[in-house]
Each structure stands twice: as structure tokens, then as C-alpha cells.
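Notes for the one structure printed next.
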2 protein chains.
Amino acid sequence: VAILVAADFDAAGWALWCRLLREALPDERLLRADDPSDAAAFSAEAAAIDVAVVANPKPGSLHGLPRLRFVQSLWAGVDRLLAPAAGLLPDDVLLARMVDPAMNAAMAETALWAVLGLHRGLLQCVHRQRDAVWADPLPLRRADEVRVAVLGAGQMGRTVAARLVQQGYRVGAWRRGAAVDATVDAPGAATSVDLHHGADGLATLLAGAHIVVSLLPLTPATDGLLDARCLAGLPRGACVVNLGRGAHVVDADLLAALDCGQLRHAVLDVFNVEPLPPSHRYWSHPAVTVLPHIAAPTDPRSAVGVVAANIARYRAGHAPLHLVDRTRGY
Amino acid sequence: VAILVAADFDAAGWALWCRLLREALPDERLLRADDPSDAAAFSAEAAAIDVAVVANPKPGSLHGLPRLRFVQSLWAGVDRLLAPAAGLLPDDVLLARMVDPAMNAAMAETALWAVLGLHRGLLQCVHRQRDAVWADPLPLRRADEVRVAVLGAGQMGRTVAARLVQQGYRVGAWRRGAAVDATVDAPGAATSVDLHHGADGLATLLAGAHIVVSLLPLTPATDGLLDARCLAGLPRGACVVNLGRGAHVVDADLLAALDCGQLRHAVLDVFNVEPLPPSHRYWSHPAVTVLPHIAAPTDPRSAVGVVAANIARYRAGHAPLHLVDRTRGY
């Protein structure tokens, strides 16, 4: 048997990942999908490949692998792997998302930075710096007077909510489906997080939110969720932080809400087209902070351990962890 | 007896503070130093004033008050009150700083925002946004790989250090004099903070710091502390966050260190001249974030309670809390 590595790494990325994967999987045969020097070996051994480790694999790179049964993603989001256009995965192949505490922590750092910057008016100062404006301060609000709505209550949403509670914010979280557990535990915090679900729960949560942080997976049910109707349901002057996927946002609706003052500011890490084209209005909008999809990068140093452990489970006949439910889409 | 309120508030500030102070001190006679309508009352009652509540009082506004014995500052920093040029305070007058947990929390929020933004390269993205640059990510570092040096280990320094430890950063703190206690407790954190002191302790701490956060009081001993020699003692590519006083920084030395790459970025909330003049290089420097002295604003809603409690202590014959040691300067 053999493991295929199919990714869009640059040369340095390939070198790093291959070294770390070989160290973490010393007894496995690893094949690179797009390494010319491996082309002969690859053709000869395609029939032996039963596991693939993928990060934005090229279309077709998982075809012609009759024994493929398990695909481990190196990224947390699997929407591109499941897109019908990609046609990547036969139905009988198991697919696991990357779930790594180091990524959850990184996401929480980015969310906390955005919330602090919006709450305290710090981000707006950076944007106005180009005009040499010594700005008047925002009206004072303590953290316990700021309500933050976290959309998505999985591993990342829970970590983000807990860190925000730790800083004193009033935090509610939303997930689409009903939750098994009613609250998100917030270590070290006196309060916990109210969990809402369904369309009604979303409307209730948004109606009271000063800041919305989206960490949702992209599925047919969440595509375009942040549209004019949703944004109009926020209190006037609210802020939006999108750390999920660009397609959650209807860009024209978000810009209209910013232009008319319904929204005070948006922090966006993900976009419908990435890299964000230089001509896009987001770049020059004074009420938009653009981040280049860096909210929660996969850290190869810890992620290879997650990959190795999940492959070991598969080899031992156990179900891999963090399998994607294809009907849900995440 | 009567209490003088001497401040540089605008009209809205006077209205808010006077309303809150009257509510918090219902049995006290309050006089506004610069209210024309109070001028007659003021002259008649100057001899009765034994307490003053001050926020940037005009030079001379504390003169001619023979019974004045206790001055409560509404701001945490008292360097302007003690400056020889101000000539404000007779030697036998007690002076108390404002110490309010809400201000400590606000300072911790600003420090955390700056550290997160520097650690994760987020602040640099905002600065490069004007050029529509989809930036390459910084090399990955987890919070536990980032060493933060907090200068100043008083109420604010301790709160900042604890919040940084909570987020996983490696934190050391420095105070000029030897400390009574050896560590700063960090609630909810597995580790605590190493406390350094003296010139040798500062050099040791800075030599290993990726990010320096200054929360020092301004005294003759800390004036100009962040000079070329000090900045050269940091590892190459370190960052500086100044939330103390502008005079801690030698501006020409900081700019030189940024220009040659010794420093990667500086976040500055305080300046030698405030508001920062529009022509100052800090405004346009791509590696400087300028904040308009908003790191830890006094919140009148909680500060009046601190004022009232300290005046009640004084009236009851007890020493007020948080008295300034004039020989130390804070």
C-alpha cells in the first residue's frame, strides 16, 4: 500500500511537508502527485494507493486510484473537495477534515484581535492613519457591554467563544442544527455561552449582536447566508468579521450595508475570489479590513501528528476521526 | 469644606462628570474651577476647599487654596501634575493616582490587540491594504513561541501580563526597583510571569523579547528609556508597543531602528507632543501604528466610585489609597 500526497504547495512547502510526513510516517510509502521525478514510480504504484493526504489537490489528481478509501485533508475547510465541479471523490471514500488544537488557537487569536479592534475603535484608527487624523475616541464600552455572536459552534467556534468569554465579552453562538449540548464550556470564565440554532435562533442572536464572527463551514445551507436580509437584522452600527468562507457573504449586500451605515466595519479574511483582485472595492473601503486568508493557517509541525494518528487509526481498522458527513457538507 | 474640580473637559465631559460626581458625593459641596457661573462662589469659598479632583488642571488652578490637603487625579499618569514647570502642588498635599480595574482591563485589551496583531502579522496587513497587497504570511509561530516583555509591573502591568499569559504567550515583566513579590499571578494560566528588575534585569529581559510592551510611569528614571542603546539590545526584528508616555521613547532612535530593520513594527499610543502633529513621520511610516492616546481611557461611570471612596477615606481620617510617592514620581 502507499499514500498519495496531492497539494498545491510551493517548493519550500513541498520540502517541509514531505520531510515532516516522512518523519511522522516512517513505515509508509509516500508518493507526490505532481513530482516529475516520481512520475514513473507513481504510474507503477497508483494501484497500491489506498490513502491520500490532500491540500487543494488539482482536479483529477485523485482519479485512477482503484484502491483509494481514505482521504485526509490538511485544511479545515473541505468545501472545495466536495464541490460537484471538482468531481474528486468517489462516494465510497472516507474524507477527514484537519482538526488541530493549534489551528483552533490561531483562529481564536485572529477573532479576538478583530473583536478587540472593533470594540475599542483601534482598527479604525489604523485605517484613518493615512490621513494623519488624531481621532476622537468611540463612546466607552466595557467588554461586558459588548455582545458578540459567533456563527458556527464546532471546534473552532467553541474555542473562539471561550476566549471571548475569558476577555469578558457577552457571547452567543449559533449552529444550524440543534445541538446535543446546550452550552459551550468556557474554561476560566464565570459565564458560559448561549447556544442558538435554526433560522429563528439566528434572527434572535443577530438582533442583539454588536459584533458577528462567522466561522461557518461552506455548505449549500450557508452559501450566501450573510446577505441583505441577514445584515438588516443586526442593530445599526454592528460589525461583521468573516473568518469562514468568502461565499458566505453577498459582497454587494455587505458593501451597501457599510455604505449606508447599517454596518460600522467589516473584517474579512476570506473572499469569493482569492487572492482578492486588486480592483475590488474592499481594498480601498475605509470601513473594511482585508486579511489575506491567514486567520488559521495549518501548522505543519502539529498537523503531521494529526495526519499520522488518523492514518494509524485507519490502518488498524478503526474509523478515522473528524470524518466529513457528505450529506451535511462538513 | 468644599471639593474643587479642575479639568480640561469639553462641555459634554463637564456635564457628565459633574452629574456623576454629584450623585457619588451627595453630601459634598463641589466647585468647578473654570465655570464662569461659579466664579463668585469660587472666590468666596476658595478658603474652604480642602480636596481637589483633577484632570489636566490649568497651571495655577490649585494656587490660593490654603486648606488644600488632598488631590485625587482622574488619570492614572501624574507626571504632568508633578512636573516642576507646572508648580501645581505644595509639598504637604497628598496626591492619589486613579486606579480602577476597568482601566486596567482596557489597557490589557489594547496591549493584547497590539501583541496579537504583531505576532500574527495582522497589523501589517492593514497597513499594506492601501496598496491592495495580498501579503505572504509571516512564518508560523504559536503564542508559546513568542516572548513578550512587559515594562512596568504595577496594577496595569500585572493585568496585561496575566492576560497575555492566558493567551499562551511567554511573558516576562520588569520593574525598576526590586519587587516584594517574585511573580505576577496569572489567573487561569498554567505558567506565571518572571519578574526582572534593575538595569541588568532589563537587559536580560529585552535580549530575549520578540515584543516589548511599555506601561511605565514617566519619571526622571524612565524618561528616554527606549533609546538607541535599549533598542539595539532587542533581537533583530522585534516590535515595540508604547502605552506608557511618549517621553519614554527617543523618537529619532525609534525611527532609525525601524528604518534599518532592527525593529519590525511599533505600536504607539502616546507621543512626546499630543495630538501628534500631522507632519510627523510616524503617521506615514508603514511600520508604525499610531493610536490617539486611547489605550486605557478613564471610564467616568466606574471612576467616580473610586473618587468617592477615596475622599470618604480621607474625610474619615484614613490615608487615601494609591498615593503618589513624590520621590519616586508615581
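Residue numbers start at 1 in each chain; chains themselves are named A, B, ... in the order of the C-alpha cells; ligands are numbered from 1 in the order shown.
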
Please, which residues of stretch 81-307 of chain B, numbered as in this document, come out helix (DSSP H, G or I) from DSSP, as an MDAnalysis selection string? chainID B and resid 81:82 101:119 122:131 143:145 155:166 198:207 228:232 246:248 251:259 281:284 300:307

For chain B versus chain A, which residues have an atom no more than 6 Å away, and what is each residue's nearest atom pair and distance in Å rounded to one decimal, using only C-alpha atoms, chain-then-number order, as a tab-separated table?
```
residue	atom	partner	partner_atom	distance
B:Trp113	CA	A:Trp113	CA	5.2
B:Gln129	CA	A:Trp283	CA	6.0
B:Ala132	CA	A:Pro278	CA	5.4
B:Trp134	CA	A:Pro292	CA	5.4
B:Gly188	CA	A:Gly188	CA	5.5
B:Pro278	CA	A:Ala132	CA	5.4
B:Trp283	CA	A:Ala132	CA	5.6
B:Pro292	CA	A:Trp134	CA	5.4
```

Can you tell me how far atom CA of B:Met107 sits from atom CA of B:Gly244, in Å to one decimal?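 Going from atom CA of B:Met107 over to atom CA of B:Gly244, I get 10.1 Å.
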
Residues at most 10 Å from B:Leu82, counting only C-alpha atoms, excluding those fewer than 2 positions away in the same chain, as a list in words?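 Near neighbours after the sequence-gap exclusion: Gly77, Val78, Asp79, Arg80, Pro84, Ala85, Ala86, Gly87, Leu88, Leu89, Leu95, Thr219, Val324, Arg326, Gly329 and Tyr330 of chain B.
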
Resulting file, chosen residues, C-alpha atoms, as a PDB file, in the first residue's frame:
```
ATOM      1  CA  GLY B  77      -0.475  59.144  34.987  1.00  0.00           C
ATOM      2  CA  VAL B  78       0.513  62.001  37.301  1.00  0.00           C
ATOM      3  CA  ASP B  79       3.751  63.123  35.609  1.00  0.00           C
ATOM      4  CA  ARG B  80       2.196  66.370  34.370  1.00  0.00           C
ATOM      5  CA  PRO B  84       8.381  71.311  38.140  1.00  0.00           C
ATOM      6  CA  ALA B  85       7.156  73.697  35.442  1.00  0.00           C
ATOM      7  CA  ALA B  86       3.565  73.097  36.475  1.00  0.00           C
ATOM      8  CA  GLY B  87       4.324  74.184  40.037  1.00  0.00           C
ATOM      9  CA  LEU B  88       0.934  72.893  40.944  1.00  0.00           C
ATOM     10  CA  LEU B  89       1.253  71.083  44.205  1.00  0.00           C
ATOM     11  CA  LEU B  95      -1.737  63.165  45.647  1.00  0.00           C
ATOM     12  CA  THR B 219       9.694  59.676  35.972  1.00  0.00           C
ATOM     13  CA  VAL B 324       1.975  59.034  44.819  1.00  0.00           C
ATOM     14  CA  ARG B 326       6.891  62.176  45.212  1.00  0.00           C
ATOM     15  CA  GLY B 329       7.438  60.161  40.906  1.00  0.00           C
ATOM     16  CA  TYR B 330       4.499  57.740  40.721  1.00  0.00           C
TER      17      TYR B 330
END
```

Where does DSSP see strand (DSSP E or B) in stretch 26-208 of chain A, if you list the residues as a ChimeraX atom specification? /A:30-32,49-55,70-73,94-96,147-151,170-175,183-184,193-197

Export, as a compact mmCIF listing (two decimals), in the first residue's frame, the selected residues with N, CA, C and O atoms.
```txt
# COMPACT_ATOMS: atom_id res chain seq x y z
N LEU A 30 5.37 7.05 0.65
CA LEU A 30 4.72 8.32 0.28
C LEU A 30 5.02 8.64 -1.18
O LEU A 30 6.18 8.59 -1.61
N LEU A 31 3.99 9.00 -1.94
CA LEU A 31 4.16 9.40 -3.34
C LEU A 31 3.62 10.80 -3.54
O LEU A 31 2.53 11.11 -3.09
N ARG A 32 4.38 11.65 -4.24
CA ARG A 32 3.91 13.01 -4.54
C ARG A 32 3.19 13.00 -5.87
O ARG A 32 3.72 12.52 -6.88
N ILE A 49 -2.15 2.73 -4.05
CA ILE A 49 -2.51 3.87 -3.19
C ILE A 49 -3.89 3.66 -2.57
O ILE A 49 -4.88 3.54 -3.28
N ASP A 50 -3.93 3.61 -1.25
CA ASP A 50 -5.23 3.47 -0.57
C ASP A 50 -5.55 4.69 0.29
O ASP A 50 -6.69 4.85 0.75
N VAL A 51 -4.56 5.56 0.52
CA VAL A 51 -4.78 6.76 1.34
C VAL A 51 -4.21 7.96 0.60
O VAL A 51 -3.16 7.84 -0.05
N ALA A 52 -4.91 9.09 0.68
CA ALA A 52 -4.37 10.34 0.12
C ALA A 52 -4.40 11.43 1.18
O ALA A 52 -5.34 11.52 1.97
N VAL A 53 -3.33 12.21 1.19
CA VAL A 53 -3.24 13.39 2.06
C VAL A 53 -3.28 14.59 1.12
O VAL A 53 -2.43 14.70 0.24
N VAL A 54 -4.30 15.46 1.28
CA VAL A 54 -4.52 16.47 0.25
C VAL A 54 -4.63 17.89 0.83
O VAL A 54 -5.09 18.10 1.95
N ALA A 55 -4.18 18.84 -0.01
CA ALA A 55 -4.33 20.27 0.28
C ALA A 55 -4.51 20.95 -1.07
O ALA A 55 -3.55 21.09 -1.82
N PHE A 70 -9.45 6.36 1.75
CA PHE A 70 -9.41 7.35 2.84
C PHE A 70 -8.61 8.57 2.38
O PHE A 70 -7.46 8.43 1.95
N VAL A 71 -9.24 9.73 2.48
CA VAL A 71 -8.57 10.99 2.15
C VAL A 71 -8.53 11.87 3.40
O VAL A 71 -9.57 12.14 4.01
N GLN A 72 -7.35 12.29 3.77
CA GLN A 72 -7.15 13.20 4.90
C GLN A 72 -6.84 14.58 4.36
O GLN A 72 -5.83 14.77 3.68
N SER A 73 -7.71 15.57 4.67
CA SER A 73 -7.43 16.95 4.25
C SER A 73 -6.44 17.59 5.22
O SER A 73 -6.49 17.35 6.42
N LEU A 94 -13.71 7.65 2.37
CA LEU A 94 -13.85 8.41 3.61
C LEU A 94 -13.05 9.71 3.49
O LEU A 94 -11.94 9.69 2.95
N LEU A 95 -13.60 10.81 4.00
CA LEU A 95 -12.89 12.09 3.96
C LEU A 95 -12.84 12.66 5.37
O LEU A 95 -13.88 12.79 6.03
N ALA A 96 -11.63 13.01 5.83
CA ALA A 96 -11.47 13.60 7.17
C ALA A 96 -10.98 15.04 7.03
O ALA A 96 -10.08 15.33 6.24
N ARG A 147 -21.89 42.59 22.96
CA ARG A 147 -22.43 41.27 22.66
C ARG A 147 -21.86 40.78 21.34
O ARG A 147 -21.97 41.45 20.31
N VAL A 148 -21.23 39.60 21.40
CA VAL A 148 -20.61 39.01 20.21
C VAL A 148 -21.37 37.75 19.84
O VAL A 148 -21.63 36.89 20.70
N ALA A 149 -21.74 37.64 18.56
CA ALA A 149 -22.41 36.44 18.05
C ALA A 149 -21.40 35.64 17.25
O ALA A 149 -20.83 36.14 16.28
N VAL A 150 -21.15 34.39 17.66
CA VAL A 150 -20.24 33.50 16.94
C VAL A 150 -21.09 32.54 16.12
O VAL A 150 -21.89 31.78 16.67
N LEU A 151 -20.94 32.60 14.80
CA LEU A 151 -21.69 31.69 13.92
C LEU A 151 -20.81 30.48 13.63
O LEU A 151 -19.71 30.61 13.11
N ARG A 170 -19.85 39.36 26.19
CA ARG A 170 -21.08 38.58 26.24
C ARG A 170 -21.20 37.84 24.92
O ARG A 170 -21.30 38.47 23.87
N VAL A 171 -21.17 36.53 24.97
CA VAL A 171 -21.03 35.73 23.75
C VAL A 171 -22.21 34.80 23.58
O VAL A 171 -22.61 34.10 24.51
N GLY A 172 -22.80 34.82 22.39
CA GLY A 172 -23.77 33.81 21.99
C GLY A 172 -23.23 33.10 20.77
O GLY A 172 -22.47 33.69 19.99
N ALA A 173 -23.57 31.83 20.61
CA ALA A 173 -23.11 31.08 19.45
C ALA A 173 -24.31 30.49 18.72
O ALA A 173 -25.37 30.26 19.32
N TRP A 174 -24.14 30.26 17.43
CA TRP A 174 -25.23 29.70 16.62
C TRP A 174 -24.71 28.53 15.78
O TRP A 174 -23.59 28.59 15.26
N ARG A 175 -25.49 27.48 15.72
CA ARG A 175 -25.24 26.43 14.75
C ARG A 175 -26.55 26.14 14.04
O ARG A 175 -27.62 26.37 14.59
N THR A 183 -24.68 24.27 26.06
CA THR A 183 -23.77 25.40 26.27
C THR A 183 -22.37 25.04 25.82
O THR A 183 -22.01 23.87 25.68
N VAL A 184 -21.60 26.05 25.57
CA VAL A 184 -20.19 25.87 25.24
C VAL A 184 -19.41 26.18 26.51
O VAL A 184 -19.51 27.27 27.05
N VAL A 193 -21.69 30.24 27.31
CA VAL A 193 -22.16 30.79 26.04
C VAL A 193 -23.54 30.23 25.72
O VAL A 193 -23.74 29.02 25.76
N ASP A 194 -24.47 31.10 25.40
CA ASP A 194 -25.80 30.65 24.97
C ASP A 194 -25.71 30.11 23.56
O ASP A 194 -25.15 30.77 22.67
N LEU A 195 -26.26 28.92 23.35
CA LEU A 195 -26.20 28.31 22.04
C LEU A 195 -27.57 28.39 21.38
O LEU A 195 -28.57 27.97 21.96
N HIS A 196 -27.61 28.98 20.19
CA HIS A 196 -28.85 29.11 19.42
C HIS A 196 -28.77 28.21 18.20
O HIS A 196 -27.70 27.86 17.75
N HIS A 197 -29.94 27.84 17.65
CA HIS A 197 -29.91 27.09 16.40
C HIS A 197 -31.14 27.39 15.57
O HIS A 197 -32.12 27.97 16.06
```

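Separating atom CA of A:Val212 from atom CA of A:Ala266 is a distance of 9.4 Å.
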
Show which residues sit within 10 Å of A:Asn242, as a ChimeraX atom specification. Count only C-alpha atoms, and ignore same-chain residues fewer than 5 positions away. /A:111,114,151,212-216,226,248-249,266-271,295

Expressed in Å to a single decimal, how great is the separation between atom CA of B:Gly157 and atom CA of B:Arg245? 13.9 Å
